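Chemist: Please read through the structure below; I'll follow up with questions.
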Amino acid sequence: MLKRVLFFIFFLLIGKVSAEVYRGIEYRKLSNDISVIFLNTNKSDNIFVTLCLSVGYSDDMEKSGKTELIGNIFKKRLEKEMNKNPQGYGVEMTSFVGQEQSLFSFYGKQVDFPFHLKCISKHFYGLEISQEELTREKEKIANRFNQSMELDKNKLRREAMRSLYWHDGFGKPFSVEELNSITVGDLKKFCDQNYTNNRLALIISGNIKNKDKIVRTIEENFSNTKKSEIKRLKEPAHHDATVSFEMTGSQVKFPYVEFYWRLPNYREEKSIYDDVEPFRTISPLALEIFLICLKSELKKSLVEELKIASSIIFDYSFWNYSEGNLRISVLLNEKKYSKEVEFAILGEIKKIVCEINEQKLIAARKELYKSADVFNYRTNVIDTMNWLSDKIGVGYDFKFLKGYQNLIKNFKLETIRKEVVKFFKNGPEVISVLNPKERK
């Protein structure tokens with residue numbers, strides 16, 4: 001759920017694709033319920049394609065690893081199948097499986113694209129999984145999880161997320177035991193329930209002369225129009241009190257403190273909790289603009305002036321299907337964490353909220369506007385694809401994304417002040433502390 005760099009950006013960034021000139025964009029909703037976005041470029045022989053699938057960890061309520069297992073096997077199947085092309089052009093695919101989406105990207109010759117589509121549809125509808133393959137993938141996921149849990153920060157964050165999302169599936173920790181209990185039948189059932197046309201979008205970059213032909217090929221190969229509902233549990237309202245917990249670890253020399261707030265998203269869907277939990281009715285755009293100010297101002301205050309901390313890291317996302325969260329990570333200069341330090345940090349946040357001036361908000365709005373400037377000819381087409389795919393994969397409407405920059409430009413500054421004061425009126429929902437273990 002937190003802001004991240006997509007893993008599917010690879011060597012192509014410095015290869016031929018990065019030199020392509022952006023020439024415009026076209027969106028089509030096909031008769032088989034698949035969305036297609038064409039990013040027109042000046043190249044004629046090569047295309048870069050991303051499959052945006054609105055299926056992620058949130059669809060696996062047991063947190064057993066089904067989504068990642070299927071994503072890994074699906075990627076390998078596609079690579080193997082696509083490279084059987086008799087013309088001999090190799091295809092390398094990268095993938096990313098997130099909380100609410102799975103993204104698969106590949107680069108190839110435009111003439112091979114109909115063949116690629118046949119490969120994709122074959123495994124999209126009828127992914128074959130062997131027991132041996134399933135066992136190997138389980139071992140990889142389990143090993144990666146066990147390695148990640150060797151880091152004290154990851155243990156800390158795991159407990160924080162459990163507390164932040166206590167009721168819904170996102171708060172349930174990943175279980176190696178449940179991973180090992182998954183059968184081939186379980187994966188096929190999960191795939192059948194979630195890999196459907198209405199959750200799939202294709203972003204295609206290249207100088208495609210005959211888009212109608214591409215559309216017909218997609219409609220012919222993806223003829224199964226079965227739909228599936230995207231279900232995301234919304235966490236009920238929490239009590240006003242902040243949940244706090246502390247851990248000790250040998251991997252830090254100074255206390256490491258993290259503050260968590262849940263955030264609204266841009267979908268603006270009403271919830272049964274809206275009357276009792278006001279953050280869902282607060283403008284995400286107001287908060288996103290303000291957080292740019294808060295990040296720089298808090299660093300200036302805590303690191304440079306008060307010298308309470310040596311570093312501050314922000315992680316947040318408003319582009320979620322249900323809700324996101326803000327995590328502010330602070331590495332202290334103090335040898336020991338105390339409530340006085342906690343109050344000082346939260347006091348500085350409230351002070352910045354109350355004292356933020358118009359000039360800084362204007363600068364923050366310009367910065368956000370620039371980051372969303374992905375639809376002009378000066379933008380690298382890969383940057384446009386990455387920006388779009390992350391949001392399309394979660395299920396955002398293309399029309400909204402196309403008009404997002406204008407929303408930023410026309411957003412009233414007085415609304416930002418009003419909204420952020422309302423949001424930060426309450427303290428963080430979770431505070432987690434990693435204290436250095438005392439040495440004898």
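Residues are referred to by chain and number: the chain letter is A, B, ... according to the order shown in the structure tokens, the number counts from 1 in that chain, and ligands are numbered separately from 1 in the order shown.
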Using only C-alpha atoms, what does the table of range 204-289 of chain A residues within 12 Å of range 53-74 of chain A look like, with each row giving the shortest atom pair and its distance in Å to one decimal, sorted by chain and ascending number, as a tab-separated table?
Modeler:
residue	atom	partner	partner_atom	distance
A:Ser228	CA	A:Ser54	CA	10.6
A:Glu229	CA	A:Asp59	CA	10.4
A:Ile230	CA	A:Asp59	CA	8.0
A:Lys231	CA	A:Asp59	CA	7.2
A:Arg232	CA	A:Ser58	CA	6.7
A:Leu233	CA	A:Ser58	CA	8.5
A:Lys234	CA	A:Ser58	CA	11.0
Chemist: Within 12 Å of Lys391 in chain A, counting only C-alpha atoms, which residues show up once you throw out same-chain ones fewer than 6 positions away? Write them as a PyMOL selection string, please.
Modeler: chain A and resi 1+3+6+52-54+98+100-103+201+203+265-267+317-321+384-385+397-402+404
Chemist: Identify, with DSSP run on backbone atoms, the residues in range 129-208 of chain A assigned to strand (DSSP E or B), and express the list as an NGL selection string.
Modeler: :A and (200-206)
Chemist: Please produce a file of the residues just selected, as a PDB file, in the first residue's frame, where the atoms kept are C-alpha atoms.
Modeler:
ATOM      1  CA  LEU A 200      -7.361  -6.758 -16.931  1.00  0.00           C
ATOM      2  CA  ALA A 201      -5.955  -3.729 -18.752  1.00  0.00           C
ATOM      3  CA  LEU A 202      -3.207  -3.609 -21.396  1.00  0.00           C
ATOM      4  CA  ILE A 203      -0.914  -0.626 -21.830  1.00  0.00           C
ATOM      5  CA  ILE A 204       0.797  -0.811 -25.225  1.00  0.00           C
ATOM      6  CA  SER A 205       3.616   1.532 -26.200  1.00  0.00           C
ATOM      7  CA  GLY A 206       4.747   1.820 -29.809  1.00  0.00           C
TER       8      GLY A 206
END
Chemist: Mind the document's chain letters and residue numbers, and return as a PyMOL selection string the residues of range 85-210 of chain A that DSSP labels alpha helix (DSSP H).
Modeler: chain A and resi 113-125+131-148+152-164+176-181+184-194
Chemist: Under the rule that only C-alpha atoms are counted, which of A:Val257, A:Ile214, A:Val252, A:Leu368 is the nearest residue to Ile289 in chain A?
Modeler: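 Checking each of A:Val257, A:Ile214, A:Val252, A:Leu368 against Ile289 in chain A, counting only C-alpha atoms, the winner is A:Leu368.
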Chemist: Write out as a PyMOL selection string each polymer residue whose atoms come within 9 Å of Lys118 in chain A, counting only C-alpha atoms; drop sequence neighbours fewer than 5 positions from it.
Modeler: chain A and resi 113+123+217-218+221-222
Chemist: Name the residues in contact with Leu346 in chain A at a cut-off of 10 Å, using only C-alpha atoms, excluding same-chain residues fewer than 3 positions from it; report them as number ranges by chain.
Modeler: A: 259, 341-343, 349-352, 424, 427-428
Chemist: Atoms to include: all heavy atoms. Write the selected residues as an mmCIF file, in the first residue's frame.
Modeler:
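Result file is again-v9.cif:
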data_model
loop_
_atom_site.group_PDB
_atom_site.id
_atom_site.type_symbol
_atom_site.label_atom_id
_atom_site.label_comp_id
_atom_site.auth_asym_id
_atom_site.auth_seq_id
_atom_site.Cartn_x
_atom_site.Cartn_y
_atom_site.Cartn_z
ATOM 1 N N PHE A 259 5.478 6.488 12.977
ATOM 2 C CA PHE A 259 4.130 6.989 13.254
ATOM 3 C C PHE A 259 3.232 6.647 12.067
ATOM 4 O O PHE A 259 3.600 6.904 10.920
ATOM 5 C CB PHE A 259 4.158 8.509 13.461
ATOM 6 C CG PHE A 259 5.073 8.966 14.564
ATOM 7 C CD1 PHE A 259 6.427 9.175 14.332
ATOM 8 C CD2 PHE A 259 4.580 9.190 15.844
ATOM 9 C CE1 PHE A 259 7.277 9.598 15.352
ATOM 10 C CE2 PHE A 259 5.410 9.618 16.867
ATOM 11 C CZ PHE A 259 6.762 9.821 16.627
ATOM 12 N N VAL A 341 10.206 12.923 23.885
ATOM 13 C CA VAL A 341 10.622 12.994 22.486
ATOM 14 C C VAL A 341 9.420 12.781 21.574
ATOM 15 O O VAL A 341 9.254 13.481 20.564
ATOM 16 C CB VAL A 341 11.720 11.947 22.196
ATOM 17 C CG1 VAL A 341 12.022 11.899 20.696
ATOM 18 C CG2 VAL A 341 12.982 12.268 22.975
ATOM 19 N N GLU A 342 8.574 11.823 21.921
ATOM 20 C CA GLU A 342 7.362 11.556 21.137
ATOM 21 C C GLU A 342 6.486 12.800 21.070
ATOM 22 O O GLU A 342 6.021 13.194 19.992
ATOM 23 C CB GLU A 342 6.590 10.403 21.757
ATOM 24 C CG GLU A 342 5.256 10.109 21.094
ATOM 25 C CD GLU A 342 4.461 9.058 21.847
ATOM 26 O OE1 GLU A 342 5.050 8.027 22.225
ATOM 27 O OE2 GLU A 342 3.250 9.274 22.063
ATOM 28 N N PHE A 343 6.250 13.436 22.214
ATOM 29 C CA PHE A 343 5.415 14.635 22.258
ATOM 30 C C PHE A 343 6.041 15.766 21.454
ATOM 31 O O PHE A 343 5.339 16.563 20.810
ATOM 32 C CB PHE A 343 5.194 15.088 23.702
ATOM 33 C CG PHE A 343 4.384 14.117 24.519
ATOM 34 C CD1 PHE A 343 4.582 13.999 25.891
ATOM 35 C CD2 PHE A 343 3.426 13.317 23.922
ATOM 36 C CE1 PHE A 343 3.839 13.109 26.639
ATOM 37 C CE2 PHE A 343 2.675 12.416 24.663
ATOM 38 C CZ PHE A 343 2.879 12.313 26.022
ATOM 39 N N ILE A 349 4.755 18.457 14.285
ATOM 40 C CA ILE A 349 3.827 18.191 13.176
ATOM 41 C C ILE A 349 2.618 19.116 13.275
ATOM 42 O O ILE A 349 2.211 19.743 12.288
ATOM 43 C CB ILE A 349 3.384 16.714 13.187
ATOM 44 C CG1 ILE A 349 4.571 15.806 12.840
ATOM 45 C CG2 ILE A 349 2.224 16.481 12.201
ATOM 46 C CD1 ILE A 349 4.281 14.330 12.940
ATOM 47 N N LYS A 350 2.039 19.240 14.472
ATOM 48 C CA LYS A 350 0.868 20.104 14.651
ATOM 49 C C LYS A 350 1.228 21.572 14.416
ATOM 50 O O LYS A 350 0.433 22.355 13.882
ATOM 51 C CB LYS A 350 0.281 19.903 16.046
ATOM 52 C CG LYS A 350 -0.421 18.558 16.225
ATOM 53 C CD LYS A 350 -1.117 18.467 17.561
ATOM 54 C CE LYS A 350 -1.839 17.141 17.718
ATOM 55 N NZ LYS A 350 -2.991 17.024 16.796
ATOM 56 N N LYS A 351 2.434 21.939 14.800
ATOM 57 C CA LYS A 351 2.890 23.319 14.593
ATOM 58 C C LYS A 351 2.995 23.623 13.091
ATOM 59 O O LYS A 351 2.561 24.690 12.644
ATOM 60 C CB LYS A 351 4.252 23.509 15.266
ATOM 61 C CG LYS A 351 4.841 24.904 15.103
ATOM 62 C CD LYS A 351 6.207 24.984 15.771
ATOM 63 C CE LYS A 351 6.849 26.344 15.536
ATOM 64 N NZ LYS A 351 8.226 26.407 16.114
ATOM 65 N N ILE A 352 3.546 22.692 12.333
ATOM 66 C CA ILE A 352 3.667 22.873 10.880
ATOM 67 C C ILE A 352 2.287 22.962 10.242
ATOM 68 O O ILE A 352 2.046 23.760 9.334
ATOM 69 C CB ILE A 352 4.494 21.728 10.266
ATOM 70 C CG1 ILE A 352 5.944 21.794 10.771
ATOM 71 C CG2 ILE A 352 4.466 21.787 8.734
ATOM 72 C CD1 ILE A 352 6.773 20.564 10.465
ATOM 73 N N PHE A 424 -5.183 16.118 11.033
ATOM 74 C CA PHE A 424 -4.169 15.976 12.085
ATOM 75 C C PHE A 424 -4.687 16.398 13.463
ATOM 76 O O PHE A 424 -3.902 16.490 14.405
ATOM 77 C CB PHE A 424 -2.914 16.762 11.719
ATOM 78 C CG PHE A 424 -2.081 16.098 10.663
ATOM 79 C CD1 PHE A 424 -2.118 16.538 9.347
ATOM 80 C CD2 PHE A 424 -1.277 15.019 10.975
ATOM 81 C CE1 PHE A 424 -1.359 15.931 8.364
ATOM 82 C CE2 PHE A 424 -0.498 14.393 10.003
ATOM 83 C CZ PHE A 424 -0.543 14.855 8.687
ATOM 84 N N GLY A 427 -4.317 12.230 16.810
ATOM 85 C CA GLY A 427 -2.947 11.748 16.763
ATOM 86 C C GLY A 427 -2.824 10.540 15.860
ATOM 87 O O GLY A 427 -3.808 10.069 15.282
ATOM 88 N N PRO A 428 -1.612 10.003 15.719
ATOM 89 C CA PRO A 428 -1.414 8.810 14.897
ATOM 90 C C PRO A 428 -2.165 7.617 15.478
ATOM 91 O O PRO A 428 -2.390 7.550 16.682
ATOM 92 C CB PRO A 428 0.098 8.597 14.938
ATOM 93 C CG PRO A 428 0.558 9.315 16.163
ATOM 94 C CD PRO A 428 -0.365 10.468 16.343
#
Chemist: Measuring atom to atom with only C-alpha atoms, identify which of A:Tyr125, A:Phe145, A:Tyr256, A:Tyr27 is nearest to Leu179 in chain A.
Modeler: A:Phe145
Chemist: List as a count of residues only the protein and nucleic acid residues near Lys409 in chain A, meaning an atom at most 8 Å away when only C-alpha atoms are counted, but skip any in the same chain fewer than 6 places from it.
Modeler: 3
